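Participant: Structure file work-v9.tsv, TSV, C-alpha atoms, is pasted below:
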```tsv
chain	number	residue	atom	x	y	z
A	1	MET	CA	86.36	-10.29	-43.72
A	2	ASP	CA	88.27	-10.67	-40.50
A	3	HIS	CA	88.15	-7.38	-38.61
A	4	PHE	CA	90.83	-8.41	-36.13
A	5	LEU	CA	93.19	-9.38	-38.93
A	6	LEU	CA	92.71	-5.97	-40.51
A	7	LEU	CA	93.43	-4.34	-37.16
A	8	VAL	CA	96.64	-6.33	-36.81
A	9	TRP	CA	97.66	-5.61	-40.41
A	10	HIS	CA	97.09	-1.87	-39.95
A	11	ALA	CA	98.98	-1.85	-36.65
A	12	LEU	CA	101.83	-3.77	-38.25
A	13	LEU	CA	102.21	-1.34	-41.14
A	14	VAL	CA	102.03	1.74	-38.91
A	15	ALA	CA	104.42	0.26	-36.32
A	16	VAL	CA	107.01	-0.62	-38.96
A	17	PHE	CA	106.66	2.82	-40.49
A	18	PHE	CA	107.24	4.75	-37.27
A	19	ALA	CA	110.02	2.44	-36.15
A	20	PHE	CA	111.97	3.32	-39.30
A	21	LEU	CA	110.94	6.97	-39.27
A	22	TRP	CA	111.89	7.75	-35.68
A	23	ARG	CA	114.78	5.39	-34.93
A	24	SER	CA	118.05	4.82	-36.74
A	25	ASP	CA	119.57	1.90	-34.86
A	26	PRO	CA	118.21	-1.65	-35.20
A	27	HIS	CA	117.71	-2.12	-31.46
A	28	GLY	CA	115.79	1.12	-31.08
A	29	ARG	CA	113.64	0.20	-34.06
A	30	LYS	CA	112.77	-3.19	-32.57
A	31	ILE	CA	111.79	-1.64	-29.24
A	32	LEU	CA	109.67	1.07	-30.83
A	33	PHE	CA	108.05	-1.42	-33.19
A	34	VAL	CA	107.02	-3.75	-30.37
A	35	LYS	CA	105.76	-0.87	-28.21
A	36	THR	CA	103.76	0.78	-30.99
A	37	PHE	CA	102.34	-2.50	-32.25
A	38	LEU	CA	101.26	-3.70	-28.82
A	39	ILE	CA	99.81	-0.35	-27.83
A	40	MET	CA	97.67	-0.26	-30.96
A	41	VAL	CA	96.46	-3.86	-30.87
A	42	VAL	CA	96.00	-4.24	-27.12
A	43	GLY	CA	94.70	-0.67	-26.78
A	44	ALA	CA	92.09	-1.16	-29.51
A	45	MET	CA	90.94	-4.43	-27.93
A	46	ALA	CA	90.76	-2.85	-24.49
A	47	LEU	CA	88.84	0.13	-25.82
A	48	GLY	CA	86.46	-2.17	-27.68
A	49	TRP	CA	85.94	-4.22	-24.53
A	50	LEU	CA	85.27	-1.08	-22.46
A	51	MET	CA	82.79	0.20	-25.04
A	52	PHE	CA	80.96	-3.11	-25.19
A	53	PRO	CA	78.23	-2.15	-22.65
A	54	ILE	CA	77.58	1.15	-24.42
A	55	PRO	CA	74.60	0.78	-26.77
B	56	MET	CA	122.95	14.32	-53.59
B	57	THR	CA	126.23	16.15	-53.92
B	58	ALA	CA	124.52	19.49	-53.63
B	59	ASP	CA	122.77	18.28	-50.51
B	60	LYS	CA	126.00	17.17	-48.91
B	61	SER	CA	127.80	20.40	-49.64
B	62	ARG	CA	124.88	22.38	-48.28
B	63	GLY	CA	123.65	20.19	-45.45
B	64	GLY	CA	126.60	20.07	-43.11
B	65	GLY	CA	127.05	23.83	-43.04
B	66	GLY	CA	130.72	23.41	-43.88
B	67	GLY	CA	130.90	25.53	-47.04
B	68	SER	CA	130.32	28.99	-45.66
B	69	ARG	CA	132.45	30.75	-48.34
B	70	SER	CA	130.04	30.14	-51.20
B	71	GLN	CA	126.95	30.40	-49.03
B	72	PRO	CA	124.62	32.38	-51.35
B	73	GLU	CA	125.35	30.26	-54.42
B	74	SER	CA	125.08	26.91	-52.75
B	75	ASP	CA	122.02	28.05	-50.81
B	76	GLY	CA	120.10	28.96	-53.94
B	77	GLU	CA	121.13	25.76	-55.66
B	78	GLY	CA	120.29	23.79	-52.57
B	79	ARG	CA	116.80	25.22	-52.40
B	80	SER	CA	115.99	24.14	-55.93
B	81	VAL	CA	117.43	20.69	-55.27
B	82	ARG	CA	115.37	20.45	-52.12
B	83	LYS	CA	112.14	21.40	-53.88
B	84	GLY	CA	112.71	18.87	-56.62
B	85	LEU	CA	113.61	16.24	-54.10
B	86	LEU	CA	110.52	16.95	-52.02
B	87	PHE	CA	108.38	16.72	-55.13
B	88	LEU	CA	109.95	13.37	-56.02
B	89	ALA	CA	109.51	12.16	-52.46
B	90	TRP	CA	105.82	13.05	-52.60
B	91	LEU	CA	105.22	11.71	-56.10
B	92	ILE	CA	106.83	8.31	-55.66
B	93	PRO	CA	106.85	7.02	-52.09
B	94	GLY	CA	110.37	6.20	-50.95
B	95	LEU	CA	112.17	7.85	-53.85
B	96	GLY	CA	113.33	10.81	-51.77
B	97	HIS	CA	115.17	8.59	-49.31
B	98	TRP	CA	116.55	6.52	-52.18
B	99	VAL	CA	118.06	9.63	-53.77
B	100	LEU	CA	119.54	10.63	-50.41
B	101	GLY	CA	121.20	7.22	-50.15
B	102	LYS	CA	118.92	5.85	-47.41
B	103	ARG	CA	118.15	2.71	-49.36
B	104	VAL	CA	116.77	0.50	-46.57
B	105	ARG	CA	114.48	3.21	-45.24
B	106	SER	CA	113.39	3.98	-48.80
B	107	LEU	CA	112.36	0.38	-49.49
B	108	VAL	CA	110.59	0.04	-46.16
B	109	PHE	CA	108.63	3.27	-46.59
B	110	ALA	CA	107.71	2.42	-50.18
B	111	SER	CA	106.57	-1.08	-49.20
B	112	VAL	CA	104.52	0.09	-46.24
B	113	ILE	CA	102.81	2.92	-48.11
B	114	VAL	CA	102.06	0.86	-51.22
B	115	ALA	CA	100.83	-2.05	-49.10
B	116	SER	CA	98.55	0.25	-47.14
B	117	PHE	CA	97.20	1.87	-50.30
B	118	VAL	CA	96.59	-1.44	-52.09
B	119	THR	CA	94.87	-2.85	-49.01
B	120	GLY	CA	92.59	0.19	-48.97
B	121	VAL	CA	91.70	-0.23	-52.63
B	122	LEU	CA	91.11	-3.98	-52.24
B	123	LEU	CA	88.77	-3.29	-49.33
B	124	ASP	CA	86.67	-1.06	-51.60
B	125	GLY	CA	87.74	2.08	-49.80
B	126	GLU	CA	87.17	5.50	-51.30
B	127	ILE	CA	89.93	8.01	-51.88
B	128	ALA	CA	89.01	11.47	-50.68
B	129	VAL	CA	88.08	14.05	-53.29
B	130	PRO	CA	87.00	17.67	-52.76
B	131	GLN	CA	83.23	18.14	-52.40
B	132	GLN	CA	81.64	21.44	-53.35
B	133	ASN	CA	79.54	21.95	-50.22
B	134	SER	CA	81.98	20.47	-47.74
B	135	PRO	CA	85.05	22.56	-46.91
B	136	LEU	CA	86.31	19.81	-44.61
B	137	SER	CA	86.53	17.47	-47.56
B	138	TRP	CA	89.59	19.46	-48.68
B	139	PHE	CA	91.48	18.34	-45.58
B	140	PHE	CA	90.72	14.71	-46.34
B	141	ALA	CA	91.58	15.22	-49.99
B	142	ILE	CA	94.93	16.83	-49.14
B	143	GLY	CA	95.70	14.00	-46.72
B	144	CYS	CA	94.85	11.45	-49.35
B	145	LEU	CA	96.72	13.39	-52.03
B	146	GLY	CA	99.79	12.61	-49.94
B	147	ASN	CA	99.82	9.25	-51.72
B	148	GLY	CA	101.35	10.97	-54.72
B	149	ILE	CA	101.23	9.01	-57.94
B	150	LEU	CA	99.14	6.29	-56.33
B	151	TYR	CA	96.38	8.82	-55.68
B	152	LEU	CA	96.59	10.24	-59.19
B	153	LEU	CA	96.54	6.80	-60.80
B	154	ARG	CA	93.54	5.78	-58.72
B	155	LEU	CA	91.73	8.97	-59.74
B	156	VAL	CA	92.41	8.19	-63.40
B	157	TRP	CA	91.38	4.57	-62.86
B	158	VAL	CA	88.05	5.57	-61.32
B	159	ASN	CA	87.19	8.65	-63.39
B	160	GLY	CA	89.08	8.10	-66.61
B	161	LEU	CA	91.15	10.90	-68.10
B	162	ASP	CA	88.06	12.57	-69.54
B	163	GLY	CA	86.26	12.54	-66.22
B	164	LEU	CA	89.35	13.77	-64.39
B	165	LEU	CA	89.75	16.87	-66.53
B	166	GLY	CA	86.04	17.27	-67.04
B	167	SER	CA	83.72	20.17	-66.47
B	168	ALA	CA	83.70	20.92	-62.77
B	169	PHE	CA	87.29	20.04	-61.84
B	170	PRO	CA	88.25	19.63	-59.02
B	171	TYR	CA	84.64	19.02	-57.99
B	172	GLY	CA	82.55	16.23	-59.37
B	173	LEU	CA	85.27	13.61	-59.11
B	174	HIS	CA	84.54	10.11	-57.88
B	175	GLY	CA	86.72	8.52	-55.24
B	176	GLY	CA	85.86	4.96	-56.17
B	177	GLY	CA	85.07	2.32	-53.61
B	178	ASP	CA	81.77	0.79	-52.68
B	179	PRO	CA	79.88	2.44	-49.77
B	180	VAL	CA	77.90	-0.72	-49.02
B	181	ALA	CA	80.96	-2.97	-48.94
B	182	ALA	CA	81.88	-4.32	-45.52
B	183	GLY	CA	85.40	-2.96	-45.82
B	184	PHE	CA	84.49	0.51	-47.07
B	185	PHE	CA	85.46	2.45	-43.94
B	186	TYR	CA	88.43	0.22	-43.20
B	187	GLY	CA	89.58	0.80	-46.75
B	188	LYS	CA	89.29	4.55	-46.35
B	189	THR	CA	91.35	4.34	-43.18
B	190	PHE	CA	94.11	2.47	-44.99
B	191	LEU	CA	94.07	4.95	-47.89
B	192	TYR	CA	94.21	8.00	-45.60
B	193	THR	CA	96.89	6.39	-43.46
B	194	ALA	CA	99.04	5.75	-46.54
B	195	GLY	CA	98.70	9.38	-47.64
B	196	LEU	CA	99.55	10.79	-44.23
B	197	MET	CA	102.52	8.44	-43.88
B	198	ASN	CA	103.90	9.63	-47.21
B	199	LEU	CA	103.52	13.26	-46.11
B	200	LEU	CA	105.58	12.41	-43.01
B	201	VAL	CA	108.14	10.77	-45.30
B	202	VAL	CA	108.37	14.01	-47.31
B	203	LEU	CA	109.03	15.95	-44.09
B	204	ASP	CA	111.69	13.40	-43.16
B	205	VAL	CA	113.35	13.86	-46.56
B	206	HIS	CA	113.36	17.61	-45.92
B	207	ASP	CA	114.98	17.15	-42.50
B	208	ILE	CA	117.65	14.86	-43.93
B	209	GLY	CA	118.17	17.22	-46.86
B	210	ILE	CA	118.87	20.23	-44.66
B	211	GLY	CA	121.11	18.18	-42.39
B	212	GLU	CA	118.93	18.18	-39.28
B	213	LYS	CA	118.67	14.42	-39.33
B	214	SER	CA	120.92	11.67	-40.56
```
Let me see whether you can do it: turn the structure in this file into C-alpha coordinates.
Facilitator:
Amino acid sequence: MDHFLLLVWHALLVAVFFAFLWRSDPHGRKILFVKTFLIMVVGAMALGWLMFPIP
Amino acid sequence: MTADKSRGGGGGSRSQPESDGEGRSVRKGLLFLAWLIPGLGHWVLGKRVRSLVFASVIVASFVTGVLLDGEIAVPQQNSPLSWFFAIGCLGNGILYLLRLVWVNGLDGLLGSAFPYGLHGGGDPVAAGFFYGKTFLYTAGLMNLLVVLDVHDIGIGEKS
(Lines of atoms letter the chains of each structure in order from A and count residues from 1; the text may use other names and numbers.)
(Lines give C-alpha, C1' and ligand atoms only; values in the text may rest on other atoms or scores of the structure.)
Protein backbone atom coordinates (compact mmCIF):
# COMPACT_ATOMS: atom_id res chain seq x y z
CA MET A 1 0.00 0.00 0.00
CA ASP A 2 1.45 3.30 -1.10
CA HIS A 3 0.85 5.87 1.64
CA PHE A 4 1.80 8.80 -0.56
CA LEU A 5 -0.62 7.70 -3.26
CA LEU A 6 -3.40 7.56 -0.69
CA LEU A 7 -2.47 11.05 0.49
CA VAL A 8 -2.63 12.36 -3.08
CA TRP A 9 -5.92 10.55 -3.76
CA HIS A 10 -7.50 11.98 -0.60
CA ALA A 11 -6.23 15.48 -1.38
CA LEU A 12 -7.54 15.18 -4.93
CA LEU A 13 -11.04 14.19 -3.84
CA VAL A 14 -11.26 16.88 -1.18
CA ALA A 15 -9.84 19.58 -3.49
CA VAL A 16 -12.31 18.76 -6.25
CA PHE A 17 -15.14 18.73 -3.74
CA PHE A 18 -14.40 22.16 -2.27
CA ALA A 19 -13.66 23.67 -5.66
CA PHE A 20 -17.18 22.78 -6.79
CA LEU A 21 -18.77 23.61 -3.45
CA TRP A 22 -17.31 27.08 -3.01
CA ARG A 23 -16.83 28.36 -6.56
CA SER A 24 -19.27 28.64 -9.44
CA ASP A 25 -17.06 29.79 -12.31
CA PRO A 26 -14.59 27.42 -14.01
CA HIS A 27 -11.60 29.72 -13.48
CA GLY A 28 -12.30 30.15 -9.79
CA ARG A 29 -12.71 26.40 -9.43
CA LYS A 30 -9.36 25.72 -11.08
CA ILE A 31 -7.57 28.21 -8.82
CA LEU A 32 -9.18 26.87 -5.65
CA PHE A 33 -8.53 23.28 -6.70
CA VAL A 34 -4.83 23.90 -7.29
CA LYS A 35 -4.45 25.87 -4.05
CA THR A 36 -6.29 23.33 -1.90
CA PHE A 37 -4.55 20.36 -3.49
CA LEU A 38 -1.07 21.82 -3.15
CA ILE A 39 -1.65 23.00 0.40
CA MET A 40 -2.75 19.54 1.46
CA VAL A 41 -0.04 17.56 -0.32
CA VAL A 42 2.89 19.92 0.26
CA GLY A 43 1.67 20.79 3.77
CA ALA A 44 1.40 17.13 4.78
CA MET A 45 4.88 16.41 3.42
CA ALA A 46 6.33 19.44 5.17
CA LEU A 47 4.65 18.50 8.44
CA GLY A 48 5.89 14.93 8.11
CA TRP A 49 9.40 16.18 7.44
CA LEU A 50 9.27 18.52 10.45
CA MET A 51 8.03 15.71 12.68
CA PHE A 52 10.71 13.32 11.50
CA PRO A 53 13.14 14.02 14.40
CA ILE A 54 10.37 13.59 16.98
CA PRO A 55 10.46 10.05 18.38
CA MET B 1 -38.25 22.59 -8.29
CA THR B 2 -41.09 24.88 -9.22
CA ALA B 3 -42.01 25.40 -5.61
CA ASP B 4 -38.41 26.25 -4.86
CA LYS B 5 -38.25 28.82 -7.61
CA SER B 6 -41.46 30.52 -6.59
CA ARG B 7 -40.30 30.63 -3.00
CA GLY B 8 -36.58 31.19 -3.34
CA GLY B 9 -36.37 34.52 -5.08
CA GLY B 10 -38.71 36.25 -2.66
CA GLY B 11 -40.78 37.54 -5.56
CA GLY B 12 -44.18 36.11 -4.59
CA SER B 13 -44.99 38.11 -1.50
CA ARG B 14 -48.80 38.00 -2.05
CA SER B 15 -49.18 34.31 -1.28
CA GLN B 16 -46.42 34.26 1.31
CA PRO B 17 -47.98 32.00 3.99
CA GLU B 18 -49.14 29.35 1.51
CA SER B 19 -45.97 29.16 -0.49
CA ASP B 20 -43.89 29.30 2.68
CA GLY B 21 -45.56 26.26 4.19
CA GLU B 22 -45.34 24.37 0.93
CA GLY B 23 -41.76 25.42 0.51
CA ARG B 24 -40.81 24.13 3.92
CA SER B 25 -42.13 20.67 3.18
CA VAL B 26 -40.39 20.66 -0.19
CA ARG B 27 -37.18 21.73 1.47
CA LYS B 28 -37.35 18.98 4.09
CA GLY B 29 -37.97 16.33 1.49
CA LEU B 30 -35.22 17.70 -0.67
CA LEU B 31 -32.77 17.75 2.23
CA PHE B 32 -33.68 14.18 3.07
CA LEU B 33 -33.08 13.14 -0.55
CA ALA B 34 -29.82 15.06 -0.62
CA TRP B 35 -28.66 13.22 2.49
CA LEU B 36 -29.91 9.79 1.43
CA ILE B 37 -28.43 9.74 -2.06
CA PRO B 38 -25.33 11.89 -2.49
CA GLY B 39 -25.78 14.40 -5.30
CA LEU B 40 -29.52 13.89 -5.74
CA GLY B 41 -30.41 17.20 -4.07
CA HIS B 42 -28.37 19.20 -6.57
CA TRP B 43 -29.74 17.08 -9.41
CA VAL B 44 -33.32 17.94 -8.40
CA LEU B 45 -32.38 21.62 -8.20
CA GLY B 46 -31.03 21.45 -11.75
CA LYS B 47 -27.34 21.67 -10.81
CA ARG B 48 -26.44 18.62 -12.85
CA VAL B 49 -22.66 19.06 -13.12
CA ARG B 50 -22.25 19.77 -9.42
CA SER B 51 -24.52 16.84 -8.64
CA LEU B 52 -22.41 14.40 -10.65
CA VAL B 53 -19.16 15.72 -9.22
CA PHE B 54 -20.38 15.52 -5.62
CA ALA B 55 -21.82 12.04 -6.12
CA SER B 56 -18.61 10.80 -7.76
CA VAL B 57 -16.34 12.27 -5.10
CA ILE B 58 -18.40 11.00 -2.16
CA VAL B 59 -18.91 7.51 -3.59
CA ALA B 60 -15.23 7.28 -4.57
CA SER B 61 -14.17 8.31 -1.08
CA PHE B 62 -16.55 5.84 0.55
CA VAL B 63 -15.54 2.93 -1.69
CA THR B 64 -11.86 3.70 -1.11
CA GLY B 65 -12.50 3.59 2.63
CA VAL B 66 -14.25 0.24 2.40
CA LEU B 67 -11.55 -1.22 0.14
CA LEU B 68 -8.90 -0.13 2.64
CA ASP B 69 -10.69 -2.14 5.34
CA GLY B 70 -11.82 0.98 7.15
CA GLU B 71 -14.51 0.84 9.80
CA ILE B 72 -17.66 2.92 9.67
CA ALA B 73 -18.43 4.59 12.97
CA VAL B 74 -21.20 3.12 15.09
CA PRO B 75 -22.41 4.27 18.52
CA GLN B 76 -20.65 2.60 21.45
CA GLN B 77 -22.42 2.25 24.77
CA ASN B 78 -19.64 3.57 27.01
CA SER B 79 -18.31 6.20 24.66
CA PRO B 80 -20.44 9.33 24.21
CA LEU B 81 -17.93 10.69 21.70
CA SER B 82 -18.64 7.76 19.43
CA TRP B 83 -21.99 9.40 18.65
CA PHE B 84 -20.20 12.33 17.01
CA PHE B 85 -18.24 9.96 14.78
CA ALA B 86 -21.37 7.96 14.05
CA ILE B 87 -23.33 11.07 13.08
CA GLY B 88 -20.47 12.22 10.86
CA CYS B 89 -20.33 8.83 9.20
CA LEU B 90 -24.12 8.65 8.97
CA GLY B 91 -23.76 11.62 6.62
CA ASN B 92 -23.01 9.06 3.92
CA GLY B 93 -26.72 8.36 3.70
CA ILE B 94 -27.66 5.18 1.91
CA LEU B 95 -24.02 4.16 1.57
CA TYR B 96 -23.73 4.05 5.36
CA LEU B 97 -26.98 2.12 5.75
CA LEU B 98 -26.03 -0.40 3.06
CA ARG B 99 -22.63 -0.93 4.64
CA LEU B 100 -24.28 -1.49 8.03
CA VAL B 101 -26.58 -4.11 6.48
CA TRP B 102 -23.63 -5.65 4.63
CA VAL B 103 -21.61 -6.01 7.82
CA ASN B 104 -24.34 -6.86 10.34
CA GLY B 105 -27.06 -8.36 8.20
CA LEU B 106 -30.65 -7.25 8.62
CA ASP B 107 -31.09 -9.41 11.70
CA GLY B 108 -28.01 -7.98 13.37
CA LEU B 109 -28.98 -4.44 12.44
CA LEU B 110 -32.38 -4.62 14.10
CA GLY B 111 -31.18 -6.93 16.83
CA SER B 112 -31.36 -6.71 20.58
CA ALA B 113 -29.33 -3.72 21.66
CA PHE B 114 -29.93 -1.35 18.74
CA PRO B 115 -28.29 1.11 18.20
CA TYR B 116 -25.53 -0.39 20.34
CA GLY B 117 -23.82 -3.64 19.53
CA LEU B 118 -23.45 -2.91 15.83
CA HIS B 119 -20.27 -3.73 13.97
CA GLY B 120 -18.65 -1.16 11.72
CA GLY B 121 -16.79 -3.68 9.60
CA GLY B 122 -13.20 -3.24 8.58
CA ASP B 123 -10.12 -4.98 9.84
CA PRO B 124 -8.24 -3.28 12.72
CA VAL B 125 -4.98 -5.04 11.88
CA ALA B 126 -5.09 -4.11 8.20
CA ALA B 127 -2.49 -1.59 7.08
CA GLY B 128 -5.16 0.68 5.65
CA PHE B 129 -7.55 0.56 8.60
CA PHE B 130 -7.06 4.14 9.80
CA TYR B 131 -6.71 5.51 6.29
CA GLY B 132 -9.94 3.77 5.43
CA LYS B 133 -11.70 5.32 8.39
CA THR B 134 -10.47 8.72 7.31
CA PHE B 135 -11.91 8.24 3.83
CA LEU B 136 -15.24 7.02 5.24
CA TYR B 137 -15.55 9.94 7.68
CA THR B 138 -14.49 12.41 5.01
CA ALA B 139 -17.18 11.11 2.65
CA GLY B 140 -19.84 11.48 5.36
CA LEU B 141 -18.81 14.99 6.29
CA MET B 142 -18.64 16.04 2.63
CA ASN B 143 -22.20 14.81 2.09
CA LEU B 144 -23.38 16.78 5.13
CA LEU B 145 -21.83 19.90 3.56
CA VAL B 146 -23.62 19.03 0.33
CA VAL B 147 -26.93 18.90 2.23
CA LEU B 148 -26.23 22.38 3.65
CA ASP B 149 -25.42 23.59 0.14
CA VAL B 150 -28.73 22.20 -1.14
CA HIS B 151 -30.47 24.09 1.66
CA ASP B 152 -28.72 27.35 0.73
CA ILE B 153 -29.62 26.93 -2.93
CA GLY B 154 -33.17 25.95 -2.00
CA ILE B 155 -33.79 29.11 0.02
CA GLY B 156 -32.18 31.26 -2.65
CA GLU B 157 -29.07 32.32 -0.73
CA LYS B 158 -26.81 30.72 -3.28
CA SER B 159 -27.12 30.04 -6.97
Participant: May I ask for the distance between CA of Ala89 in chain B and CA of Val104 in chain B, given in Å to one decimal place?
Facilitator: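 Answer for the CA of Ala89 in chain B to CA of Val104 in chain B separation: 14.9 Å.
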Participant: Report, in Å with one decimal, the straight-line distance from CA of Glu126 in chain B to CA of Gly176 in chain B.
Facilitator: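 Computing the Euclidean distance for CA of Glu126 in chain B and CA of Gly176 in chain B yields 5.1 Å.
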Participant: Find the residue from B:Asp124, B:Phe190, B:Asn133, B:Gly166 that sits nearest to Leu12 in chain A; use all atoms listed in the file when measuring.
Facilitator: B:Phe190
Participant: Using all atoms listed in the file, determine which residues lie at most 10 Å from Ile142 in chain B, disregarding the query and same-chain residues fewer than 5 positions distant; provide the list as an mmCIF file with C-alpha atoms, keeping the file's coordinate frame.
Facilitator:
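Writing the result to around30.cif gives the following:
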```cif
data_model
loop_
_atom_site.group_PDB
_atom_site.id
_atom_site.type_symbol
_atom_site.label_atom_id
_atom_site.label_comp_id
_atom_site.auth_asym_id
_atom_site.auth_seq_id
_atom_site.Cartn_x
_atom_site.Cartn_y
_atom_site.Cartn_z
ATOM 1 C CA ALA B 128 89.010 11.470 -50.680
ATOM 2 C CA VAL B 129 88.080 14.050 -53.290
ATOM 3 C CA PRO B 130 87.000 17.670 -52.760
ATOM 4 C CA SER B 137 86.530 17.470 -47.560
ATOM 5 C CA ASN B 147 99.820 9.250 -51.720
ATOM 6 C CA TYR B 192 94.210 8.000 -45.600
ATOM 7 C CA GLY B 195 98.700 9.380 -47.640
ATOM 8 C CA LEU B 196 99.550 10.790 -44.230
ATOM 9 C CA LEU B 199 103.520 13.260 -46.110
#
```
Participant: Report, in Å with one decimal, the straight-line distance from CA of His97 in chain B to CA of Phe109 in chain B.
Facilitator: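 CA of His97 in chain B sits 8.9 Å away from CA of Phe109 in chain B.
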Participant: Hey, what's within 10 Å of Met1 in chain A if we count all atoms listed in the file and toss same-chain stuff fewer than 3 positions away? As a list in words, please?
Facilitator: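 Everything that qualifies: Phe4, Leu5 and Leu6 of chain A; Leu123, Ala182 and Gly183 of chain B.
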Participant: Go ahead and find all residues with at least one atom no further than 12 Å from (90.3, -8.8, -35.8) in the file's coordinates, using only C-alpha atoms; report them as a count of residues only.
Facilitator: 17
Participant: Return the neighbours of chain B among the residues of chain A, cut-off 7 Å, counting only C-alpha atoms, as a list in words.
Facilitator: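 Residues of chain A within 7 Å of chain B, counting only C-alpha atoms: Leu13, Phe17 and Phe20 of chain A.
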Participant: Give me the residues near His174 in chain B as number ranges by chain, where near means some atom within 8 Å (using all atoms listed in the file) and where sequence neighbours in that chain fewer than 5 positions away do not count.
Facilitator: B: 129, 155, 158-159
